[in-house]
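What follows is the content of target.csv (CSV, C-alpha atoms).
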```csv
chain,number,residue,atom,x,y,z
H,1195,MET,CA,0.0,0.0,0.0
H,1196,ALA,CA,1.3,3.4,-0.9
H,1197,THR,CA,2.3,5.7,1.9
H,1198,PHE,CA,1.6,9.4,2.3
H,1199,PRO,CA,4.2,12.0,3.1
H,1200,PRO,CA,4.0,13.3,6.6
H,1201,PRO,CA,3.1,17.0,7.0
H,1202,GLY,CA,6.0,19.4,6.5
H,1203,SER,CA,8.1,16.9,4.5
H,1204,VAL,CA,9.0,16.9,0.9
H,1205,THR,CA,9.2,13.9,-1.5
H,1206,LEU,CA,12.5,12.8,-2.8
H,1207,CYS,CA,11.8,9.7,-4.8
H,1208,GLU,CA,9.9,6.4,-4.7
H,1209,VAL,CA,11.7,3.1,-4.4
H,1210,ASN,CA,9.9,-0.3,-4.4
H,1211,ARG,CA,6.5,1.5,-3.9
H,1212,GLU,CA,7.8,3.4,-0.9
H,1213,LEU,CA,7.9,7.1,-1.0
H,1214,ILE,CA,11.2,8.5,0.4
H,1215,THR,CA,10.6,11.9,2.2
H,1216,VAL,CA,13.1,14.3,3.7
H,1217,ASP,CA,12.8,17.6,5.7
H,1218,VAL,CA,15.0,19.5,3.2
H,1219,LEU,CA,16.0,18.5,-0.3
H,1220,SER,CA,19.7,18.1,-1.0
H,1221,ASP,CA,21.9,16.4,-3.5
H,1222,ASP,CA,23.5,14.4,-0.7
H,1223,ARG,CA,20.2,12.9,0.3
H,1224,ALA,CA,19.2,12.2,-3.3
H,1225,ASN,CA,22.5,10.5,-4.0
H,1226,SER,CA,22.2,8.1,-1.1
H,1227,ALA,CA,18.5,7.4,-1.9
H,1228,TYR,CA,18.8,6.8,-5.6
H,1229,GLY,CA,21.9,8.5,-7.1
H,1230,LYS,CA,24.2,5.5,-6.6
H,1231,LEU,CA,21.6,3.2,-8.3
H,1232,LEU,CA,21.1,5.5,-11.3
H,1233,GLY,CA,24.6,7.1,-11.5
H,1234,LEU,CA,22.8,10.4,-11.7
H,1235,VAL,CA,21.2,13.0,-9.3
H,1236,PHE,CA,18.3,15.1,-10.5
H,1237,SER,CA,18.9,18.4,-8.6
H,1238,PRO,CA,15.9,20.7,-8.2
H,1239,VAL,CA,16.0,23.6,-10.6
H,1240,PRO,CA,15.1,26.9,-9.0
H,1241,PHE,CA,13.4,29.5,-11.1
H,1242,GLN,CA,11.6,32.8,-10.7
H,1243,PRO,CA,9.5,34.8,-13.1
H,1244,ALA,CA,11.2,37.3,-15.3
H,1245,PRO,CA,9.7,40.8,-15.6
H,1246,PRO,CA,7.6,41.3,-18.8
H,1247,LEU,CA,9.8,41.9,-21.8
H,1248,GLU,CA,8.2,45.2,-22.5
H,1249,ASN,CA,9.7,46.5,-19.3
H,1250,ASP,CA,13.1,45.0,-19.6
H,1251,ALA,CA,15.3,47.1,-22.0
H,1252,SER,CA,18.2,44.7,-21.6
H,1253,GLU,CA,16.2,42.0,-23.5
H,1254,GLN,CA,15.3,44.2,-26.4
H,1255,GLU,CA,18.8,43.7,-27.9
H,1256,GLY,CA,18.1,40.3,-29.3
H,1257,VAL,CA,18.4,36.7,-28.3
H,1258,THR,CA,19.9,36.0,-24.9
H,1259,ALA,CA,20.8,32.7,-23.3
H,1260,THR,CA,21.9,33.2,-19.8
H,1261,THR,CA,22.5,30.9,-16.9
H,1262,THR,CA,21.1,30.6,-13.4
H,1263,PRO,CA,22.9,28.7,-10.6
H,1264,ALA,CA,21.5,25.4,-9.7
H,1265,THR,CA,21.8,23.7,-6.3
H,1266,THR,CA,25.1,22.3,-5.4
H,1267,ALA,CA,25.7,19.0,-3.6
H,1268,GLY,CA,24.6,19.3,0.0
H,1269,GLU,CA,23.1,22.7,-0.4
H,1270,SER,CA,19.6,23.1,1.1
H,1271,VAL,CA,16.7,24.1,-1.0
H,1272,GLN,CA,14.9,26.6,1.0
H,1273,ARG,CA,13.6,29.6,-0.9
H,1274,LYS,CA,11.2,32.1,0.6
H,1275,GLY,CA,11.3,34.1,-2.7
H,1276,PRO,CA,8.5,35.7,-4.6
H,1277,VAL,CA,6.0,32.8,-4.3
H,1278,ALA,CA,3.0,35.1,-4.3
H,1279,LEU,CA,4.4,37.0,-7.3
H,1280,LEU,CA,5.0,33.8,-9.2
H,1281,GLN,CA,1.6,32.4,-8.5
H,1282,GLY,CA,0.0,35.7,-9.4
H,1283,ILE,CA,1.8,35.7,-12.8
H,1284,VAL,CA,0.9,32.1,-13.4
H,1285,ASN,CA,-2.7,32.8,-12.6
H,1286,GLU,CA,-2.8,35.8,-14.8
H,1287,CYS,CA,-1.2,33.8,-17.7
H,1288,LEU,CA,-3.8,31.1,-17.2
H,1289,ARG,CA,-6.6,33.6,-17.1
H,1290,ARG,CA,-5.6,35.1,-20.4
H,1291,LEU,CA,-5.2,31.8,-22.1
H,1292,PHE,CA,-8.9,31.1,-22.3
H,1293,TYR,CA,-12.1,33.0,-23.2
H,1294,PRO,CA,-13.8,34.3,-20.1
H,1295,ASN,CA,-16.4,31.5,-20.1
H,1296,ASP,CA,-13.6,28.9,-19.8
H,1297,VAL,CA,-12.0,30.4,-16.7
H,1298,HIS,CA,-13.5,27.6,-14.5
H,1299,LEU,CA,-11.5,25.1,-16.5
H,1300,LEU,CA,-8.1,26.6,-15.6
H,1301,PRO,CA,-7.1,24.4,-12.6
H,1302,GLU,CA,-7.7,21.2,-14.6
H,1303,VAL,CA,-5.8,21.9,-17.8
H,1304,ASP,CA,-2.3,20.5,-18.3
H,1305,LEU,CA,-0.6,23.3,-20.3
H,1306,GLN,CA,2.3,21.2,-21.4
H,1307,GLY,CA,4.7,23.5,-19.5
H,1308,VAL,CA,7.4,20.8,-19.0
H,1309,SER,CA,9.1,18.6,-21.7
H,1310,TRP,CA,11.7,15.9,-21.4
H,1311,HIS,CA,14.0,15.2,-24.3
H,1312,LEU,CA,13.2,11.8,-25.7
H,1313,ASN,CA,16.7,10.4,-25.7
H,1314,LYS,CA,18.7,12.5,-23.3
H,1315,HIS,CA,18.5,13.7,-19.7
H,1316,ILE,CA,17.5,17.2,-20.7
H,1317,ILE,CA,14.5,19.0,-19.4
H,1318,ALA,CA,12.9,22.2,-20.5
H,1319,PHE,CA,10.1,24.1,-18.7
H,1320,ILE,CA,8.3,27.4,-18.8
H,1321,SER,CA,10.0,29.5,-16.1
H,1322,GLY,CA,8.3,32.9,-16.7
H,1323,PRO,CA,5.9,34.7,-19.0
H,1324,GLY,CA,8.6,35.1,-21.7
H,1325,GLN,CA,11.2,32.6,-20.8
H,1326,VAL,CA,12.1,28.9,-20.9
H,1327,LEU,CA,14.7,27.2,-18.8
H,1328,VAL,CA,16.7,24.2,-20.1
H,1329,ARG,CA,18.7,21.9,-17.7
H,1330,ASP,CA,21.0,19.3,-19.1
H,1331,TYR,CA,21.7,16.7,-16.3
H,1332,GLU,CA,24.4,15.1,-18.5
H,1333,ALA,CA,26.3,18.4,-19.1
H,1334,LEU,CA,30.0,18.2,-18.0
H,1335,GLU,CA,30.6,22.0,-18.0
H,1336,GLY,CA,28.6,22.6,-14.8
H,1337,LYS,CA,25.2,22.6,-13.2
H,1338,ASP,CA,23.9,25.8,-14.6
H,1339,ALA,CA,20.6,26.0,-16.4
H,1340,ILE,CA,20.2,28.0,-19.6
H,1341,ILE,CA,17.5,30.5,-19.9
H,1342,LEU,CA,16.0,31.1,-23.4
H,1343,THR,CA,14.6,34.5,-24.0
H,1344,ASN,CA,13.9,36.6,-27.1
H,1345,GLU,CA,11.7,39.6,-27.9
H,1346,SER,CA,9.7,37.3,-30.2
H,1347,GLN,CA,9.0,34.8,-27.4
H,1348,ARG,CA,6.2,36.4,-25.4
H,1349,ASP,CA,3.6,34.9,-23.2
H,1350,VAL,CA,4.8,31.3,-23.5
H,1351,ARG,CA,2.1,28.6,-23.4
H,1352,VAL,CA,3.6,25.2,-24.4
H,1353,LEU,CA,6.8,23.6,-25.4
H,1354,GLU,CA,8.0,20.2,-26.8
H,1355,TRP,CA,11.4,18.7,-27.8
H,1356,ARG,CA,11.7,17.6,-31.4
H,1357,PRO,CA,12.0,13.8,-31.8
H,1358,ASN,CA,15.0,12.6,-33.8
H,1359,GLY,CA,16.2,16.1,-34.2
H,1360,GLY,CA,19.1,16.5,-31.9
H,1361,ARG,CA,18.6,19.3,-29.3
H,1362,MET,CA,15.8,21.2,-30.9
H,1363,LEU,CA,12.9,22.7,-29.0
H,1364,ALA,CA,9.6,24.2,-30.1
H,1365,VAL,CA,8.1,26.9,-27.9
H,1366,GLY,CA,4.5,28.0,-28.5
H,1367,CYS,CA,3.8,31.7,-27.6
H,1368,LYS,CA,2.1,34.8,-28.7
H,1369,SER,CA,2.0,35.1,-32.5
H,1370,GLY,CA,3.8,31.9,-33.3
H,1371,ILE,CA,6.4,29.3,-32.5
H,1372,CYS,CA,10.0,29.8,-31.5
H,1373,ILE,CA,12.3,27.1,-32.7
H,1374,TRP,CA,15.5,26.8,-30.6
H,1375,ALA,CA,18.5,24.6,-31.5
H,1376,ALA,CA,21.7,23.7,-29.6
H,1377,SER,CA,24.9,24.9,-31.2
H,1378,TYR,CA,28.3,23.7,-30.1
H,1379,PRO,CA,31.8,23.3,-31.6
H,1380,GLY,CA,31.7,20.8,-34.4
H,1381,ASN,CA,27.9,20.9,-34.7
H,1382,ALA,CA,26.7,24.4,-35.3
H,1383,ALA,CA,23.0,25.1,-35.5
H,1384,SER,CA,21.8,26.3,-38.9
H,1385,VAL,CA,19.3,29.0,-39.4
H,1386,ARG,CA,16.5,28.3,-42.0
H,1387,SER,CA,17.2,30.1,-45.2
H,1388,GLY,CA,14.8,33.0,-45.6
H,1389,ALA,CA,14.1,33.2,-41.8
H,1390,ALA,CA,13.8,36.8,-40.6
H,1391,TYR,CA,16.9,38.3,-39.1
H,1392,PHE,CA,16.3,37.9,-35.4
H,1393,VAL,CA,18.7,35.1,-34.7
H,1394,GLY,CA,22.0,35.1,-32.8
H,1395,SER,CA,23.4,34.0,-29.5
H,1396,LEU,CA,24.7,35.9,-26.5
H,1397,SER,CA,25.0,33.0,-24.2
H,1398,ARG,CA,27.5,33.0,-21.4
H,1399,GLY,CA,30.1,30.4,-20.6
H,1400,SER,CA,31.5,27.7,-22.9
H,1401,GLY,CA,30.0,24.6,-24.4
H,1402,ILE,CA,26.5,24.2,-25.8
H,1403,ARG,CA,24.6,27.4,-26.7
H,1404,TYR,CA,21.0,27.6,-27.9
H,1405,ILE,CA,20.2,29.7,-30.9
H,1406,LEU,CA,16.7,30.8,-32.1
H,1407,VAL,CA,16.9,29.3,-35.6
H,1408,ASP,CA,13.4,30.1,-36.7
H,1409,PHE,CA,10.1,31.8,-35.8
H,1410,LEU,CA,7.0,30.2,-37.3
H,1411,ARG,CA,4.4,33.0,-37.4
H,1412,SER,CA,0.8,31.8,-36.8
H,1413,GLN,CA,-2.1,32.9,-39.0
H,1414,ASN,CA,-3.4,36.3,-37.9
H,1415,ASP,CA,-0.8,36.3,-35.2
H,1416,GLU,CA,-2.9,33.8,-33.1
H,1417,HIS,CA,-1.6,32.7,-29.8
H,1418,VAL,CA,-0.2,29.2,-30.0
H,1419,SER,CA,-1.6,27.2,-27.1
H,1420,ALA,CA,-1.1,23.5,-28.2
H,1421,LEU,CA,1.8,21.8,-29.9
H,1422,THR,CA,2.8,18.2,-31.0
H,1423,TRP,CA,5.6,16.9,-33.2
H,1424,SER,CA,5.2,14.0,-35.6
H,1425,PRO,CA,7.2,11.0,-34.4
H,1426,ASP,CA,9.8,11.4,-37.2
H,1427,GLY,CA,10.3,15.1,-36.3
H,1428,ARG,CA,9.5,16.4,-39.7
H,1429,TYR,CA,6.2,18.0,-39.0
H,1430,LEU,CA,5.0,20.1,-36.1
H,1431,ALA,CA,1.3,20.7,-35.5
H,1432,SER,CA,0.1,23.8,-33.6
H,1433,ALA,CA,-3.3,25.2,-32.5
H,1434,SER,CA,-4.7,28.2,-30.9
H,1435,TYR,CA,-7.7,28.7,-28.7
H,1436,GLU,CA,-8.4,31.7,-30.9
H,1437,SER,CA,-8.6,29.7,-34.2
H,1438,SER,CA,-11.0,27.4,-35.9
H,1439,SER,CA,-8.3,25.3,-37.4
H,1440,PHE,CA,-4.9,23.7,-36.5
H,1441,THR,CA,-1.8,24.0,-38.6
H,1442,VAL,CA,0.7,21.4,-39.7
H,1443,TRP,CA,4.2,22.8,-40.3
H,1444,ASP,CA,6.9,21.5,-42.5
H,1445,VAL,CA,9.6,22.8,-40.2
H,1446,ALA,CA,12.5,22.5,-42.6
H,1447,GLN,CA,10.6,24.7,-45.1
H,1448,GLY,CA,9.0,26.9,-42.6
H,1449,VAL,CA,5.6,26.4,-44.3
H,1450,GLY,CA,2.3,25.8,-42.4
H,1451,THR,CA,-0.8,24.2,-43.8
H,1452,PRO,CA,-4.1,25.0,-42.0
H,1453,ILE,CA,-6.5,22.1,-41.6
H,1454,ARG,CA,-10.0,23.5,-41.1
H,1455,ARG,CA,-12.9,21.6,-39.7
H,1456,GLY,CA,-14.6,24.2,-37.4
H,1457,LEU,CA,-12.3,23.3,-34.5
H,1458,GLY,CA,-12.6,26.4,-32.4
H,1459,GLY,CA,-11.4,26.2,-28.8
H,1460,ILE,CA,-8.8,23.5,-29.2
H,1461,SER,CA,-7.2,22.4,-25.9
H,1462,MET,CA,-4.9,19.6,-26.9
H,1463,LEU,CA,-3.1,17.9,-29.8
H,1464,LYS,CA,-1.4,14.5,-29.7
H,1465,TRP,CA,0.3,12.8,-32.7
H,1466,SER,CA,0.4,9.0,-32.4
H,1467,PRO,CA,3.8,7.3,-32.0
H,1468,THR,CA,3.6,5.7,-35.5
H,1469,GLY,CA,2.4,8.9,-37.2
H,1470,ASP,CA,-0.7,7.3,-38.6
H,1471,TYR,CA,-3.2,9.0,-36.3
H,1472,PHE,CA,-3.7,12.4,-34.8
H,1473,PHE,CA,-5.8,13.5,-31.8
H,1474,ALA,CA,-7.4,16.9,-31.2
H,1475,SER,CA,-9.7,17.9,-28.4
H,1476,LYS,CA,-11.8,20.9,-27.6
H,1477,PHE,CA,-13.1,22.5,-24.4
H,1478,ASP,CA,-16.7,21.7,-25.2
H,1479,GLY,CA,-16.1,18.0,-24.7
H,1480,THR,CA,-15.8,17.0,-28.3
H,1481,PHE,CA,-12.6,15.4,-29.7
H,1482,TYR,CA,-11.4,14.2,-33.1
H,1483,LEU,CA,-9.4,11.3,-34.3
H,1484,TRP,CA,-7.7,11.9,-37.7
H,1485,GLU,CA,-5.9,9.6,-40.0
H,1486,THR,CA,-2.9,11.4,-41.5
H,1487,ASN,CA,-2.9,9.8,-44.9
H,1488,THR,CA,-5.7,11.9,-46.3
H,1489,TRP,CA,-6.5,14.0,-43.1
H,1490,THR,CA,-10.0,12.8,-42.7
H,1491,SER,CA,-11.5,12.6,-39.2
H,1492,GLU,CA,-14.2,11.2,-37.0
H,1493,GLN,CA,-15.8,13.3,-34.3
H,1494,TRP,CA,-16.5,12.0,-30.8
H,1495,SER,CA,-18.3,13.7,-28.0
H,1496,SER,CA,-18.0,13.2,-24.2
H,1497,THR,CA,-20.7,13.4,-21.5
H,1498,SER,CA,-17.9,13.5,-18.9
H,1499,GLY,CA,-16.5,16.9,-19.5
H,1500,PHE,CA,-13.6,17.8,-21.8
H,1501,VAL,CA,-10.4,15.7,-22.3
H,1502,LYS,CA,-7.9,16.9,-19.7
H,1503,GLY,CA,-5.2,14.3,-20.4
H,1504,ALA,CA,-4.4,12.0,-23.3
H,1505,THR,CA,-1.6,9.5,-24.0
H,1506,TRP,CA,-1.0,7.0,-26.9
H,1507,ASP,CA,0.2,3.5,-26.4
H,1508,PRO,CA,3.6,2.8,-28.0
H,1509,ASP,CA,2.0,1.0,-31.0
H,1510,GLY,CA,-0.3,3.8,-31.8
H,1511,ARG,CA,-3.4,1.6,-31.8
H,1512,MET,CA,-5.0,2.9,-28.6
H,1513,ILE,CA,-5.3,6.3,-26.9
H,1514,LEU,CA,-6.1,6.6,-23.2
H,1515,LEU,CA,-8.2,9.6,-22.2
H,1516,ALA,CA,-8.9,11.4,-18.9
H,1517,PHE,CA,-12.0,13.6,-18.6
H,1518,SER,CA,-12.6,16.6,-16.4
H,1519,GLU,CA,-15.8,15.4,-14.8
H,1520,SER,CA,-15.2,11.7,-14.3
H,1521,SER,CA,-12.8,9.3,-12.4
H,1522,THR,CA,-13.3,6.8,-15.2
H,1523,LEU,CA,-10.7,6.8,-18.0
H,1524,GLY,CA,-11.6,6.2,-21.6
H,1525,SER,CA,-9.7,3.9,-23.9
H,1526,VAL,CA,-10.2,4.3,-27.7
H,1527,HIS,CA,-9.1,1.2,-29.6
H,1528,PHE,CA,-8.7,1.1,-33.3
H,1529,ALA,CA,-10.4,-2.0,-34.7
H,1530,SER,CA,-8.6,-2.1,-38.1
H,1531,LYS,CA,-5.2,-1.1,-39.5
H,1532,PRO,CA,-4.5,2.5,-40.6
H,1533,PRO,CA,-5.9,4.5,-42.2
H,1534,SER,CA,-9.2,3.0,-40.9
H,1535,LEU,CA,-10.9,5.2,-38.3
H,1536,ASP,CA,-13.1,2.4,-37.1
H,1537,ALA,CA,-12.6,2.6,-33.3
H,1538,HIS,CA,-14.3,1.7,-30.0
H,1539,LEU,CA,-14.4,3.6,-26.7
H,1540,LEU,CA,-14.1,1.4,-23.7
H,1541,PRO,CA,-14.3,2.6,-20.0
H,1542,VAL,CA,-11.5,2.0,-17.6
H,1543,ASP,CA,-12.7,2.2,-14.1
H,1544,LEU,CA,-10.3,3.4,-11.4
H,1545,PRO,CA,-12.4,3.3,-8.2
H,1546,GLU,CA,-9.5,4.0,-5.9
H,1547,ILE,CA,-9.0,7.4,-7.6
H,1548,ILE,CA,-12.0,8.8,-5.7
H,1549,SER,CA,-10.6,7.9,-2.3
H,1550,LEU,CA,-7.1,9.0,-3.1
H,1551,THR,CA,-7.7,12.3,-4.9
H,1552,GLY,CA,-6.6,15.3,-2.9
H,1553,SER,CA,-4.3,13.3,-0.6
H,1554,GLY,CA,-1.1,14.2,-2.4
H,1555,PHE,CA,1.4,11.5,-2.9
H,1556,ILE,CA,4.2,13.8,-3.9
H,1557,ARG,CA,4.9,17.0,-2.0
H,1558,GLY,CA,7.0,19.8,-3.3
H,1559,PRO,CA,9.4,22.2,-1.5
H,1560,GLY,CA,8.7,25.7,-0.3
H,1561,ASP,CA,5.7,27.5,1.1
H,1562,ASN,CA,2.3,25.9,0.2
H,1563,PRO,CA,3.5,24.5,-3.1
H,1564,LYS,CA,1.0,23.9,-5.9
H,1565,PRO,CA,1.8,22.0,-9.0
H,1566,ILE,CA,1.9,24.2,-12.1
H,1567,SER,CA,2.7,21.6,-14.7
H,1568,PHE,CA,4.3,18.1,-14.9
H,1569,SER,CA,5.6,15.6,-17.3
H,1570,PHE,CA,6.9,12.0,-17.4
H,1571,HIS,CA,10.1,11.2,-19.3
H,1572,GLY,CA,9.0,9.1,-22.2
H,1573,LYS,CA,11.9,6.6,-22.4
H,1574,PHE,CA,13.7,6.6,-19.1
H,1575,LYS,CA,15.0,3.0,-18.9
H,1576,GLN,CA,15.1,2.5,-15.1
H,1577,GLY,CA,11.5,3.3,-14.5
H,1578,PRO,CA,9.1,6.2,-14.5
H,1579,LEU,CA,10.7,9.6,-14.1
H,1580,LEU,CA,8.3,12.5,-13.2
H,1581,SER,CA,9.1,16.2,-13.2
H,1582,VAL,CA,6.8,18.8,-11.5
H,1583,CYS,CA,7.0,22.6,-11.6
H,1584,TRP,CA,5.9,23.9,-8.3
H,1585,SER,CA,4.4,27.3,-7.5
H,1586,SER,CA,7.1,27.8,-4.9
H,1587,GLY,CA,9.7,28.3,-7.6
H,1588,PHE,CA,11.3,24.8,-8.2
H,1589,CYS,CA,11.1,22.2,-10.9
H,1590,CYS,CA,11.7,18.9,-9.1
H,1591,THR,CA,12.3,15.4,-10.7
H,1592,TYR,CA,11.2,12.2,-9.0
H,1593,PRO,CA,12.6,8.8,-10.0
H,1594,LEU,CA,9.9,6.2,-9.3
H,1595,LEU,CA,12.0,3.0,-9.2
H,1596,PHE,CA,11.0,-0.6,-8.7
H,1597,ARG,CA,13.7,-3.3,-8.5
H,1598,SER,CA,13.2,-6.4,-6.5
H,1599,HIS,CA,17.0,-6.8,-6.1
H,1600,MET,CA,17.6,-3.2,-5.0
H,1601,HIS,CA,19.1,-2.6,-1.6
H,1602,SER,CA,18.6,0.6,0.4
```

What does the file become when written as structure tokens?
Amino acid sequence: MATFPPPGSVTLCEVNRELITVDVLSDDRANSAYGKLLGLVFSPVPFQPAPPLENDASEQEGVTATTTPATTAGESVQRKGPVALLQGIVNECLRRLFYPNDVHLLPEVDLQGVSWHLNKHIIAFISGPGQVLVRDYEALEGKDAIILTNESQRDVRVLEWRPNGGRMLAVGCKSGICIWAASYPGNAASVRSGAAYFVGSLSRGSGIRYILVDFLRSQNDEHVSALTWSPDGRYLASASYESSSFTVWDVAQGVGTPIRRGLGGISMLKWSPTGDYFFASKFDGTFYLWETNTWTSEQWSSTSGFVKGATWDPDGRMILLAFSESSTLGSVHFASKPPSLDAHLLPVDLPEIISLTGSGFIRGPGDNPKPISFSFHGKFKQGPLLSVCWSSGFCCTYPLLFRSHMHS
């Protein structure tokens, strides 16, 4: 039976279904709990909101990539910093994301504010209205995190690493999508031919730098609030709550193709792992399954609220859905091979969810922390790896390990 963290404690990791809690997070405690098993310690990454770019003249000069100190081994993580300010900015960003009649949905929407690189121990997350923070746990040149800011990158909503594309990150924001790429000796990032002249790099220190290599401007300067890459990394789909269509971008060409089907109020996009199918959901409870050969679709509707979470199985033949007004998951199975859209929706009951909701298995650091966004690493070999951005100003990563032969 799972245990609950005692009041006042913070969660460090889970080993063999037992949650390990501590009074204060530190690299030393993490190393003894799981670091020796994994050969890696996931230090908490502190962050604080940057002032709006309009009020920061230093950031009007172009692209900047600066660093922020991370926690060193043995150093306590105890920040009393601008928690209220951060929460206020987060709430304001959330409020402005939706139409007024959708404000009641805000606490339940996963805004995709955290993304793990598929093949490396690199995490990116939204750390302020106009900034993204990247932390490479494999970096040899230090424990500093890189902050990505640019005058084009305003009011960030979502972000996602590109599959099979090296270190390339798409960031959805006001008026379009910022495409960042790592550039380092022997493997310089290239700017797309014809891209507007806003690129460059002013990063501090040595080693890898991130360069803004492209800005994909959305139709009518709409605010990009949903993103998903095709599994081969060639195409990027984006949507806006302001638009009645979503757009599929050929990233190498910088060309976007709108796909219109009266899809106003899109909340989420998810490409299937095989690339054959595509999922789009709306705030009104409807969702669409598309086949990507001819881009035809089937509409579904839910009586359990809107889809608040969705994940494909590795084979791309089933998608698991969570709804805003139900503790029962939905599993959509395709009955035939692609491009057939013949599918069946089956309920997946989780009765224990009702009794456990609100208890809080994982507790964050700081004063009254609330989870802002979270993400699992898709291909971490040793078990689930969960990262949570907390309102108290930390992004924490929790290994959830199960090994019958492990010794504490």

Looking at all atoms listed in the file, which of H:Asn1358, H:Ser1585, H:Gln1306, H:Ser1475 is the one that sits closest to H:Ala1318?
H:Gln1306

At what distance in Å, to one decimal, does atom CA of H:Asp1509 lie from atom CA of H:Phe1574?
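Here the two named atoms are 17.6 Å from each other.
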
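Residues in contact with H:His1527 at up to 7 Å, not including ones fewer than 4 positions away on its chain and judged by only C-alpha atoms, are Arg1511, Met1512, Ile1513, Ala1537, His1538 and Leu1539 of chain H.
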
By how many Å are atom CA of H:Met1362 and atom CA of H:His1315 apart?
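So the two atoms, atom CA of H:Met1362 and atom CA of H:His1315, lie 13.7 Å apart.
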
Identify which of the residues H:Gly1499, H:Phe1440, H:Thr1422, H:Leu1232 lies closest to H:Gly1469, counting all atoms listed in the file when measuring atom-to-atom distances.
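Once distances to H:Gly1469 are computed over all atoms listed in the file, the minimum belongs to H:Thr1422.
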
Figure out the distance between atom CA of H:Val1328 and atom CA of H:Ile1340, please, to one decimal in Å.
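Those two atoms sit 5.2 Å apart.
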
Nearest to H:Val1204 among H:Gln1325, H:Thr1451, H:Asn1562, H:Ser1569, with distances taken over all atoms listed in the file: which residue is it?
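Using all atoms listed in the file, H:Val1204 sits closest to H:Asn1562.
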
I'd like the contact shell of stretch 1576-1580 of chain H - 10 Å cut-off, all atoms listed in the file, skipping same-chain residues fewer than 5 positions apart - returned as JSON, numbers by chain.
{"H": [1207, 1208, 1231, 1232, 1310, 1568, 1569, 1570, 1571, 1590, 1591, 1592, 1593, 1594, 1595, 1596, 1597]}

Compile the contact shell of H:Gly1307 as number ranges by chain: residues with an atom at most 7 Å away, counting all atoms listed in the file, same-chain residues fewer than 2 positions apart removed.
H: 1305, 1309, 1319-1320, 1351-1353, 1567

Please identify all polymer residues within 12 Å of H:Asn1313, counting only C-alpha atoms, omitting same-chain residues fewer than 4 positions from it, and present them as a PyMOL selection string.
chain H and resi 1309+1317+1330+1332+1355-1361+1571-1575

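Contact shell of H:Trp1465 at 9 Å (all atoms listed in the file; same-chain neighbours under 3 positions omitted): Thr1422, Trp1423, Ser1424, Pro1425, Ala1431, Thr1468, Gly1469, Asp1470, Tyr1471, Phe1472, Phe1473, Ala1474 and Trp1506 of chain H.
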
Of the candidates H:Gln1447, H:Ser1369, H:Thr1441, H:Ser1434, which shows the shortest atom-to-atom distance to H:Lys1476, using only C-alpha atoms?
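Between H:Gln1447, H:Ser1369, H:Thr1441, H:Ser1434, the residue approaching H:Lys1476 most closely is H:Ser1434.
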
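In terms of minimum interatomic distance to H:Leu1514, H:Ser1466 ranks closest within H:Asn1487, H:Ser1530, H:Asn1210, H:Ser1466, counting only C-alpha atoms.
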
For H:Val1385, which of H:Pro1532, H:Gly1458, H:Pro1323, H:Gly1448 is the closest residue, counting only C-alpha atoms?
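Looking at the shortest contact to H:Val1385, the residue is H:Gly1448.
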